[in-house]
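A.B. asks: Contents of upload_35.cif (mmCIF, C-alpha atoms) are below:
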```cif
data_coords
#
loop_
_atom_site.group_PDB
_atom_site.id
_atom_site.type_symbol
_atom_site.label_atom_id
_atom_site.label_comp_id
_atom_site.auth_asym_id
_atom_site.auth_seq_id
_atom_site.Cartn_x
_atom_site.Cartn_y
_atom_site.Cartn_z
ATOM 1 C CA MET Z 8 71.764 -19.666 16.793
ATOM 2 C CA VAL Z 9 68.922 -20.741 19.058
ATOM 3 C CA LEU Z 10 69.468 -23.239 21.890
ATOM 4 C CA PHE Z 11 66.412 -24.979 23.378
ATOM 5 C CA HIS Z 12 66.356 -26.457 26.870
ATOM 6 C CA SER Z 13 65.378 -30.032 27.714
ATOM 7 C CA VAL Z 14 62.227 -31.243 29.428
ATOM 8 C CA LEU Z 15 63.919 -30.190 32.686
ATOM 9 C CA GLY Z 16 63.575 -26.534 31.720
ATOM 10 C CA LEU Z 17 66.080 -23.706 31.521
ATOM 11 C CA ARG Z 18 68.612 -25.018 34.029
ATOM 12 C CA PRO Z 19 71.993 -23.370 34.751
ATOM 13 C CA ALA Z 20 73.728 -25.972 32.554
ATOM 14 C CA VAL Z 21 71.867 -24.653 29.490
ATOM 15 C CA HIS Z 22 73.149 -21.140 30.177
ATOM 16 C CA ASP Z 23 76.650 -22.553 30.737
ATOM 17 C CA PHE Z 24 76.514 -24.369 27.404
ATOM 18 C CA ALA Z 25 75.313 -21.211 25.655
ATOM 19 C CA GLU Z 26 78.236 -19.304 27.194
ATOM 20 C CA ALA Z 27 80.681 -21.903 25.866
ATOM 21 C CA LEU Z 28 79.259 -21.391 22.374
ATOM 22 C CA ARG Z 29 79.383 -17.613 22.782
ATOM 23 C CA GLY Z 30 83.030 -18.036 23.736
ATOM 24 C CA GLY Z 31 83.483 -19.482 20.248
ATOM 25 C CA GLY Z 32 82.205 -16.239 18.754
ATOM 26 C CA HIS Z 33 78.547 -17.140 18.239
ATOM 27 C CA GLU Z 34 75.426 -15.253 19.213
ATOM 28 C CA VAL Z 35 73.180 -17.673 21.106
ATOM 29 C CA HIS Z 36 69.509 -17.096 21.897
ATOM 30 C CA VAL Z 37 68.180 -19.216 24.776
ATOM 31 C CA PRO Z 38 64.377 -19.142 24.964
ATOM 32 C CA ASP Z 39 62.548 -20.283 28.080
ATOM 33 C CA LEU Z 40 59.602 -22.358 26.886
ATOM 34 C CA TYR Z 41 58.532 -23.050 30.489
ATOM 35 C CA ALA Z 42 58.242 -19.431 31.696
ATOM 36 C CA GLY Z 43 60.684 -19.953 34.564
ATOM 37 C CA ALA Z 44 59.857 -23.510 35.626
ATOM 38 C CA ALA Z 45 62.891 -25.796 35.940
ATOM 39 C CA PHE Z 46 63.285 -29.269 37.401
ATOM 40 C CA ASP Z 47 65.854 -31.677 38.813
ATOM 41 C CA ASP Z 48 63.524 -34.672 38.635
ATOM 42 C CA MET Z 49 62.689 -36.190 35.235
ATOM 43 C CA ASP Z 50 59.286 -37.559 36.309
ATOM 44 C CA GLU Z 51 58.200 -34.187 37.681
ATOM 45 C CA ALA Z 52 59.419 -32.472 34.502
ATOM 46 C CA LEU Z 53 57.553 -34.936 32.287
ATOM 47 C CA ARG Z 54 54.317 -34.307 34.194
ATOM 48 C CA TYR Z 55 54.791 -30.566 33.697
ATOM 49 C CA TYR Z 56 55.507 -31.030 29.976
ATOM 50 C CA GLU Z 57 52.491 -33.306 29.508
ATOM 51 C CA GLY Z 58 50.347 -30.679 31.230
ATOM 52 C CA ILE Z 59 51.410 -28.157 28.610
ATOM 53 C CA GLY Z 60 50.843 -30.560 25.716
ATOM 54 C CA VAL Z 61 52.467 -30.886 22.313
ATOM 55 C CA PRO Z 62 50.339 -28.294 20.438
ATOM 56 C CA GLU Z 63 51.138 -25.625 23.031
ATOM 57 C CA MET Z 64 54.845 -26.549 23.015
ATOM 58 C CA ILE Z 65 54.908 -26.149 19.232
ATOM 59 C CA ALA Z 66 53.209 -22.758 19.577
ATOM 60 C CA ARG Z 67 55.749 -21.683 22.218
ATOM 61 C CA THR Z 68 58.619 -22.958 20.080
ATOM 62 C CA GLU Z 69 57.436 -20.962 17.060
ATOM 63 C CA ALA Z 70 56.742 -17.850 19.144
ATOM 64 C CA SER Z 71 60.223 -17.992 20.692
ATOM 65 C CA VAL Z 72 61.861 -17.307 17.317
ATOM 66 C CA ALA Z 73 59.250 -15.010 15.764
ATOM 67 C CA GLY Z 74 61.395 -11.890 16.173
ATOM 68 C CA LEU Z 75 64.690 -13.513 15.199
ATOM 69 C CA PRO Z 76 66.369 -13.706 11.804
ATOM 70 C CA LYS Z 77 65.544 -16.836 9.819
ATOM 71 C CA GLU Z 78 69.192 -17.652 9.018
ATOM 72 C CA LEU Z 79 69.859 -19.592 12.214
ATOM 73 C CA VAL Z 80 71.239 -22.867 13.438
ATOM 74 C CA TYR Z 81 68.686 -24.529 15.724
ATOM 75 C CA ALA Z 82 69.993 -26.642 18.596
ATOM 76 C CA GLY Z 83 68.444 -28.315 21.591
ATOM 77 C CA PHE Z 84 68.789 -30.810 24.387
ATOM 78 C CA SER Z 85 66.382 -33.785 24.465
ATOM 79 C CA ASN Z 86 62.850 -32.523 23.797
ATOM 80 C CA GLY Z 87 64.482 -29.171 23.024
ATOM 81 C CA GLY Z 88 66.202 -31.072 20.236
ATOM 82 C CA VAL Z 89 62.767 -31.890 18.900
ATOM 83 C CA SER Z 90 61.986 -28.149 18.893
ATOM 84 C CA ALA Z 91 65.247 -27.550 17.019
ATOM 85 C CA GLU Z 92 64.541 -30.341 14.531
ATOM 86 C CA TYR Z 93 61.026 -29.007 13.933
ATOM 87 C CA LEU Z 94 62.136 -25.413 13.311
ATOM 88 C CA ALA Z 95 65.106 -26.372 11.156
ATOM 89 C CA ALA Z 96 62.818 -28.406 8.915
ATOM 90 C CA SER Z 97 59.840 -26.047 8.862
ATOM 91 C CA ARG Z 98 61.242 -22.497 9.062
ATOM 92 C CA PRO Z 99 62.792 -21.338 5.774
ATOM 93 C CA GLY Z 100 66.345 -20.025 5.962
ATOM 94 C CA ALA Z 101 67.723 -22.427 8.569
ATOM 95 C CA ARG Z 102 71.475 -23.030 8.417
ATOM 96 C CA GLY Z 103 71.518 -26.310 10.349
ATOM 97 C CA ALA Z 104 70.288 -28.408 13.249
ATOM 98 C CA VAL Z 105 72.213 -29.691 16.266
ATOM 99 C CA LEU Z 106 70.289 -32.349 18.153
ATOM 100 C CA MET Z 107 71.655 -33.356 21.542
ATOM 101 C CA HIS Z 108 70.044 -36.474 22.982
ATOM 102 C CA ALA Z 109 67.282 -36.265 20.365
ATOM 103 C CA ALA Z 110 66.470 -37.497 16.876
ATOM 104 C CA ILE Z 111 62.998 -38.507 15.797
ATOM 105 C CA PRO Z 112 61.448 -39.490 12.493
ATOM 106 C CA LEU Z 113 60.038 -36.474 10.648
ATOM 107 C CA PRO Z 114 56.444 -37.815 10.455
ATOM 108 C CA ARG Z 115 56.318 -37.765 14.283
ATOM 109 C CA ILE Z 116 56.620 -33.971 14.148
ATOM 110 C CA GLY Z 117 54.243 -33.572 11.237
ATOM 111 C CA LEU Z 118 56.833 -33.175 8.496
ATOM 112 C CA ALA Z 119 57.239 -35.133 5.273
ATOM 113 C CA GLU Z 120 60.785 -34.305 4.227
ATOM 114 C CA TRP Z 121 64.000 -32.611 5.273
ATOM 115 C CA PRO Z 122 65.046 -29.357 3.551
ATOM 116 C CA ARG Z 123 67.505 -29.890 0.710
ATOM 117 C CA GLY Z 124 71.137 -29.548 1.769
ATOM 118 C CA LEU Z 125 70.429 -28.582 5.406
ATOM 119 C CA PRO Z 126 73.121 -30.143 7.642
ATOM 120 C CA VAL Z 127 72.362 -32.029 10.854
ATOM 121 C CA GLN Z 128 74.554 -33.080 13.755
ATOM 122 C CA VAL Z 129 73.255 -35.567 16.367
ATOM 123 C CA HIS Z 130 74.821 -36.420 19.755
ATOM 124 C CA TYR Z 131 73.834 -39.325 22.019
ATOM 125 C CA ALA Z 132 75.234 -41.331 24.912
ATOM 126 C CA GLU Z 133 75.840 -44.957 23.932
ATOM 127 C CA ASP Z 134 73.523 -46.037 26.717
ATOM 128 C CA ASP Z 135 70.789 -43.389 26.604
ATOM 129 C CA PRO Z 136 67.546 -44.753 28.090
ATOM 130 C CA TRP Z 137 65.459 -42.320 26.000
ATOM 131 C CA ARG Z 138 66.998 -43.153 22.638
ATOM 132 C CA THR Z 139 64.612 -44.935 20.286
ATOM 133 C CA PRO Z 140 66.012 -47.713 18.092
ATOM 134 C CA ASP Z 141 64.845 -46.163 14.828
ATOM 135 C CA GLY Z 142 65.128 -42.457 15.648
ATOM 136 C CA VAL Z 143 68.676 -41.782 14.485
ATOM 137 C CA ASP Z 144 68.575 -44.128 11.480
ATOM 138 C CA THR Z 145 65.236 -42.824 10.219
ATOM 139 C CA LEU Z 146 66.243 -39.181 10.571
ATOM 140 C CA ALA Z 147 69.614 -39.907 8.946
ATOM 141 C CA ALA Z 148 67.861 -41.467 5.947
ATOM 142 C CA SER Z 149 65.574 -38.426 5.578
ATOM 143 C CA VAL Z 150 68.469 -35.983 5.812
ATOM 144 C CA ARG Z 151 70.663 -37.896 3.374
ATOM 145 C CA ALA Z 152 67.728 -38.235 0.948
ATOM 146 C CA ALA Z 153 67.743 -34.416 0.864
ATOM 147 C CA ASP Z 154 71.433 -34.417 -0.129
ATOM 148 C CA ALA Z 155 72.313 -32.958 3.253
ATOM 149 C CA PRO Z 156 75.246 -33.792 5.534
ATOM 150 C CA PHE Z 157 74.372 -35.921 8.564
ATOM 151 C CA GLU Z 158 76.834 -36.414 11.422
ATOM 152 C CA PHE Z 159 76.197 -38.767 14.318
ATOM 153 C CA PHE Z 160 78.351 -38.894 17.437
ATOM 154 C CA GLU Z 161 78.050 -41.428 20.235
ATOM 155 C CA TYR Z 162 79.715 -40.965 23.592
ATOM 156 C CA PRO Z 163 80.933 -43.803 25.854
ATOM 157 C CA VAL Z 164 78.629 -42.898 28.735
ATOM 158 C CA SER Z 165 75.342 -43.934 30.307
ATOM 159 C CA GLY Z 166 72.463 -41.591 30.922
ATOM 160 C CA HIS Z 167 70.669 -38.931 28.986
ATOM 161 C CA LEU Z 168 71.734 -35.322 29.623
ATOM 162 C CA PHE Z 169 75.472 -35.982 30.056
ATOM 163 C CA ALA Z 170 76.402 -32.315 29.455
ATOM 164 C CA ASP Z 171 74.385 -31.037 32.453
ATOM 165 C CA GLY Z 172 76.804 -30.509 35.340
ATOM 166 C CA GLY Z 173 73.956 -30.559 37.848
ATOM 167 C CA LEU Z 174 72.856 -34.117 37.056
ATOM 168 C CA PRO Z 175 74.289 -37.505 38.102
ATOM 169 C CA GLU Z 176 74.940 -38.557 34.476
ATOM 170 C CA TYR Z 177 77.228 -35.571 33.869
ATOM 171 C CA HIS Z 178 80.391 -36.635 32.039
ATOM 172 C CA PRO Z 179 82.817 -33.703 31.658
ATOM 173 C CA GLU Z 180 85.022 -35.286 28.974
ATOM 174 C CA SER Z 181 82.057 -36.166 26.753
ATOM 175 C CA ALA Z 182 80.512 -32.732 27.333
ATOM 176 C CA ARG Z 183 83.755 -31.032 26.230
ATOM 177 C CA SER Z 184 84.017 -33.271 23.175
ATOM 178 C CA MET Z 185 80.414 -32.539 22.203
ATOM 179 C CA THR Z 186 80.955 -28.800 22.635
ATOM 180 C CA ALA Z 187 84.045 -28.865 20.409
ATOM 181 C CA ARG Z 188 82.184 -30.771 17.698
ATOM 182 C CA ILE Z 189 79.275 -28.335 17.829
ATOM 183 C CA LEU Z 190 81.617 -25.353 17.564
ATOM 184 C CA GLY Z 191 83.091 -26.967 14.456
ATOM 185 C CA PHE Z 192 79.612 -27.488 13.032
ATOM 186 C CA LEU Z 193 78.751 -23.831 13.645
ATOM 187 C CA GLU Z 194 81.898 -22.717 11.834
ATOM 188 C CA GLU Z 195 81.013 -24.872 8.830
ATOM 189 C CA ALA Z 196 77.374 -23.727 8.868
ATOM 190 C CA GLY Z 197 78.592 -20.130 8.696
ATOM 191 C CA SER Z 198 76.131 -19.102 11.368
ATOM 192 C CA PRO Z 199 76.108 -15.297 11.625
ATOM 193 C CA SER Z 200 73.949 -15.487 14.745
#
```
Could you take the file, read its structure, and then write that structure out as structure tokens?

C.D. replies:
Amino acid sequence: MVLFHSVLGLRPAVHDFAEALRGGGHEVHVPDLYAGAAFDDMDEALRYYEGIGVPEMIARTEASVAGLPKELVYAGFSNGGVSAEYLAASRPGARGAVLMHAAIPLPRIGLAEWPRGLPVQVHYAEDDPWRTPDGVDTLAASVRAADAPFEFFEYPVSGHLFADGGLPEYHPESARSMTARILGFLEEAGSPS
């Protein structure tokens, strides 16, 4: 599988999460789309991301998987979830998408429809300040229209990146629950890598 970092960059928590998935027997690739830059402050990270721009982020996302097999599960945190959603829908051979703190309508990433039968799992805090009202529902409708399984999990926490142990919104119980659900998804997806 491939695990994309959030707008904050490749922080230690992303590596920790990848290790938890590896502990479940999965090979996890963790690309660094920021070439080493990482942030603690959301505003600073957003300025950095905006300086890169969406077209360049798409190019980096595509380049990060160019040498990997196509039969992958794509996962990501926040805007890394958008990278995962984009690749799962646009790169043939995907086995699934795991979107943590992310779910956007397909037209916003230049796509018309979801691949037939491709499963999706979405995770959000109940009180996530970055969650759009229509994001989950619109994506769910697109996925289900493609006869694909769609799972949505909400966690009783506030904040955005609740699985990042280095941030104030960290919630260990919700992070463990999310990890267990993702490991189950990976088993069902039959991800060889």

A.B. asks: Measuring atom to atom with all atoms listed in the file, identify which of Z:Arg151, Z:Arg138, Z:His178, Z:His108 is nearest to Pro122 in chain Z.

C.D. replies: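 The shortest atom-to-atom distance to Pro122 in chain Z comes from Z:Arg151.
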
A.B. asks: Have a look at CA of Trp121 in chain Z and CA of Val150 in chain Z and let me know their distance in Å, one decimal.

C.D. replies: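 The value is 5.6 Å.
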
A.B. asks: Can you tell me which residues surround range 155-165 of chain Z at a distance of at most 6 Å, considering only C-alpha atoms, apart from same-chain residues fewer than 6 positions away, and format the answer as a ChimeraX atom specification?

C.D. replies: /Z:124-135

A.B. asks: Write to file, as an mmCIF file, in the frame of the given file, the residues of the selection just made, with C-alpha atoms.

C.D. replies:
```cif
data_model
loop_
_atom_site.group_PDB
_atom_site.id
_atom_site.type_symbol
_atom_site.label_atom_id
_atom_site.label_comp_id
_atom_site.auth_asym_id
_atom_site.auth_seq_id
_atom_site.Cartn_x
_atom_site.Cartn_y
_atom_site.Cartn_z
ATOM 1 C CA GLY Z 124 71.137 -29.548 1.769
ATOM 2 C CA LEU Z 125 70.429 -28.582 5.406
ATOM 3 C CA PRO Z 126 73.121 -30.143 7.642
ATOM 4 C CA VAL Z 127 72.362 -32.029 10.854
ATOM 5 C CA GLN Z 128 74.554 -33.080 13.755
ATOM 6 C CA VAL Z 129 73.255 -35.567 16.367
ATOM 7 C CA HIS Z 130 74.821 -36.420 19.755
ATOM 8 C CA TYR Z 131 73.834 -39.325 22.019
ATOM 9 C CA ALA Z 132 75.234 -41.331 24.912
ATOM 10 C CA GLU Z 133 75.840 -44.957 23.932
ATOM 11 C CA ASP Z 134 73.523 -46.037 26.717
ATOM 12 C CA ASP Z 135 70.789 -43.389 26.604
#
```

A.B. asks: Run the PyMOL selection byres ((chain Z and resi 10-18) around 10) on the file and write out the hits as a ChimeraX atom specification.

C.D. replies: /Z:8-9,19-25,28,35-57,68,71,80-91,105-109,168,171-173

A.B. asks: Would you kindly translate the PyMOL selection byres ((chain Z and resi 180) around 10) into the concrete residues it picks from this file, as a PyMOL selection string?

C.D. replies: chain Z and resi 162-164+169-170+177-179+181-186

A.B. asks: Find the distance between CA of Ala152 in chain Z and CA of Ala187 in chain Z and write it in Å to one decimal.

C.D. replies: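 Separating CA of Ala152 in chain Z from CA of Ala187 in chain Z is a distance of 27.1 Å.
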
A.B. asks: In Å, with one decimal, what is the gap from CA of Trp137 in chain Z to CA of His167 in chain Z?

C.D. replies: 6.9 Å

A.B. asks: May I ask which of the residues Z:Ala104, Z:Leu94, Z:Ala27, Z:Val143 is the closest one to Arg67 in chain Z, counting all atoms listed in the file?

C.D. replies: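 Smallest separation from Arg67 in chain Z among the options: Z:Leu94.
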
A.B. asks: As a check of understanding, name the residues that the PyMOL selection byres ((chain Z and resi 79) around 9) selects in the supplied structure, as a PyMOL selection string.

C.D. replies: chain Z and resi 8-9+75-78+80-81+95+100-104+198-200

A.B. asks: Taking N, CA and C atoms as the atom set, what does range 101-125 of chain Z look like once completed, written as a PDB file, keeping the file's coordinate frame?

C.D. replies:
```
ATOM      1  N   ALA Z 101      66.877 -21.773   7.569  1.00  0.00           N
ATOM      2  CA  ALA Z 101      67.723 -22.427   8.569  1.00  0.00           C
ATOM      3  C   ALA Z 101      69.086 -22.768   7.980  1.00  0.00           C
ATOM      4  N   ARG Z 102      70.111 -22.698   8.840  1.00  0.00           N
ATOM      5  CA  ARG Z 102      71.475 -23.030   8.417  1.00  0.00           C
ATOM      6  C   ARG Z 102      71.909 -24.404   8.902  1.00  0.00           C
ATOM      7  N   GLY Z 103      71.160 -24.990   9.852  1.00  0.00           N
ATOM      8  CA  GLY Z 103      71.518 -26.310  10.349  1.00  0.00           C
ATOM      9  C   GLY Z 103      70.755 -26.657  11.602  1.00  0.00           C
ATOM     10  N   ALA Z 104      70.916 -27.918  12.022  1.00  0.00           N
ATOM     11  CA  ALA Z 104      70.288 -28.408  13.249  1.00  0.00           C
ATOM     12  C   ALA Z 104      71.310 -29.211  14.037  1.00  0.00           C
ATOM     13  N   VAL Z 105      71.372 -28.937  15.344  1.00  0.00           N
ATOM     14  CA  VAL Z 105      72.213 -29.691  16.266  1.00  0.00           C
ATOM     15  C   VAL Z 105      71.283 -30.303  17.299  1.00  0.00           C
ATOM     16  N   LEU Z 106      71.225 -31.629  17.297  1.00  0.00           N
ATOM     17  CA  LEU Z 106      70.289 -32.349  18.153  1.00  0.00           C
ATOM     18  C   LEU Z 106      71.070 -33.132  19.199  1.00  0.00           C
ATOM     19  N   MET Z 107      70.961 -32.696  20.444  1.00  0.00           N
ATOM     20  CA  MET Z 107      71.655 -33.356  21.542  1.00  0.00           C
ATOM     21  C   MET Z 107      70.658 -34.213  22.303  1.00  0.00           C
ATOM     22  N   HIS Z 108      70.906 -35.508  22.293  1.00  0.00           N
ATOM     23  CA  HIS Z 108      70.044 -36.474  22.982  1.00  0.00           C
ATOM     24  C   HIS Z 108      68.653 -36.503  22.360  1.00  0.00           C
ATOM     25  N   ALA Z 109      68.578 -36.297  21.058  1.00  0.00           N
ATOM     26  CA  ALA Z 109      67.282 -36.265  20.365  1.00  0.00           C
ATOM     27  C   ALA Z 109      67.475 -36.533  18.887  1.00  0.00           C
ATOM     28  N   ALA Z 110      66.566 -37.289  18.330  1.00  0.00           N
ATOM     29  CA  ALA Z 110      66.470 -37.497  16.876  1.00  0.00           C
ATOM     30  C   ALA Z 110      65.219 -38.329  16.665  1.00  0.00           C
ATOM     31  N   ILE Z 111      64.229 -37.749  16.013  1.00  0.00           N
ATOM     32  CA  ILE Z 111      62.998 -38.507  15.797  1.00  0.00           C
ATOM     33  C   ILE Z 111      62.615 -38.466  14.324  1.00  0.00           C
ATOM     34  N   PRO Z 112      61.897 -39.479  13.883  1.00  0.00           N
ATOM     35  CA  PRO Z 112      61.448 -39.490  12.493  1.00  0.00           C
ATOM     36  C   PRO Z 112      60.578 -38.267  12.188  1.00  0.00           C
ATOM     37  N   LEU Z 113      60.766 -37.690  11.025  1.00  0.00           N
ATOM     38  CA  LEU Z 113      60.038 -36.474  10.648  1.00  0.00           C
ATOM     39  C   LEU Z 113      58.520 -36.603  10.750  1.00  0.00           C
ATOM     40  N   PRO Z 114      57.907 -37.729  10.342  1.00  0.00           N
ATOM     41  CA  PRO Z 114      56.444 -37.815  10.455  1.00  0.00           C
ATOM     42  C   PRO Z 114      55.924 -37.630  11.889  1.00  0.00           C
ATOM     43  N   ARG Z 115      56.757 -37.941  12.889  1.00  0.00           N
ATOM     44  CA  ARG Z 115      56.318 -37.765  14.283  1.00  0.00           C
ATOM     45  C   ARG Z 115      56.190 -36.300  14.676  1.00  0.00           C
ATOM     46  N   ILE Z 116      56.790 -35.409  13.888  1.00  0.00           N
ATOM     47  CA  ILE Z 116      56.620 -33.971  14.148  1.00  0.00           C
ATOM     48  C   ILE Z 116      55.866 -33.298  13.007  1.00  0.00           C
ATOM     49  N   GLY Z 117      55.136 -34.104  12.263  1.00  0.00           N
ATOM     50  CA  GLY Z 117      54.243 -33.572  11.237  1.00  0.00           C
ATOM     51  C   GLY Z 117      54.913 -33.106   9.959  1.00  0.00           C
ATOM     52  N   LEU Z 118      56.104 -33.611   9.682  1.00  0.00           N
ATOM     53  CA  LEU Z 118      56.833 -33.175   8.496  1.00  0.00           C
ATOM     54  C   LEU Z 118      57.086 -34.347   7.556  1.00  0.00           C
ATOM     55  N   ALA Z 119      57.082 -34.072   6.269  1.00  0.00           N
ATOM     56  CA  ALA Z 119      57.239 -35.133   5.273  1.00  0.00           C
ATOM     57  C   ALA Z 119      58.680 -35.303   4.809  1.00  0.00           C
ATOM     58  N   GLU Z 120      59.423 -34.193   4.740  1.00  0.00           N
ATOM     59  CA  GLU Z 120      60.785 -34.305   4.227  1.00  0.00           C
ATOM     60  C   GLU Z 120      61.688 -33.249   4.835  1.00  0.00           C
ATOM     61  N   TRP Z 121      62.984 -33.519   4.757  1.00  0.00           N
ATOM     62  CA  TRP Z 121      64.000 -32.611   5.273  1.00  0.00           C
ATOM     63  C   TRP Z 121      64.363 -31.601   4.179  1.00  0.00           C
ATOM     64  N   PRO Z 122      64.658 -30.356   4.552  1.00  0.00           N
ATOM     65  CA  PRO Z 122      65.046 -29.357   3.551  1.00  0.00           C
ATOM     66  C   PRO Z 122      66.348 -29.738   2.825  1.00  0.00           C
ATOM     67  N   ARG Z 123      66.368 -29.520   1.548  1.00  0.00           N
ATOM     68  CA  ARG Z 123      67.505 -29.890   0.710  1.00  0.00           C
ATOM     69  C   ARG Z 123      68.782 -29.216   1.195  1.00  0.00           C
ATOM     70  N   GLY Z 124      69.808 -30.039   1.429  1.00  0.00           N
ATOM     71  CA  GLY Z 124      71.137 -29.548   1.769  1.00  0.00           C
ATOM     72  C   GLY Z 124      71.338 -29.062   3.189  1.00  0.00           C
ATOM     73  N   LEU Z 125      70.330 -29.126   4.041  1.00  0.00           N
ATOM     74  CA  LEU Z 125      70.429 -28.582   5.406  1.00  0.00           C
ATOM     75  C   LEU Z 125      71.152 -29.570   6.327  1.00  0.00           C
TER      76      LEU Z 125
END
```
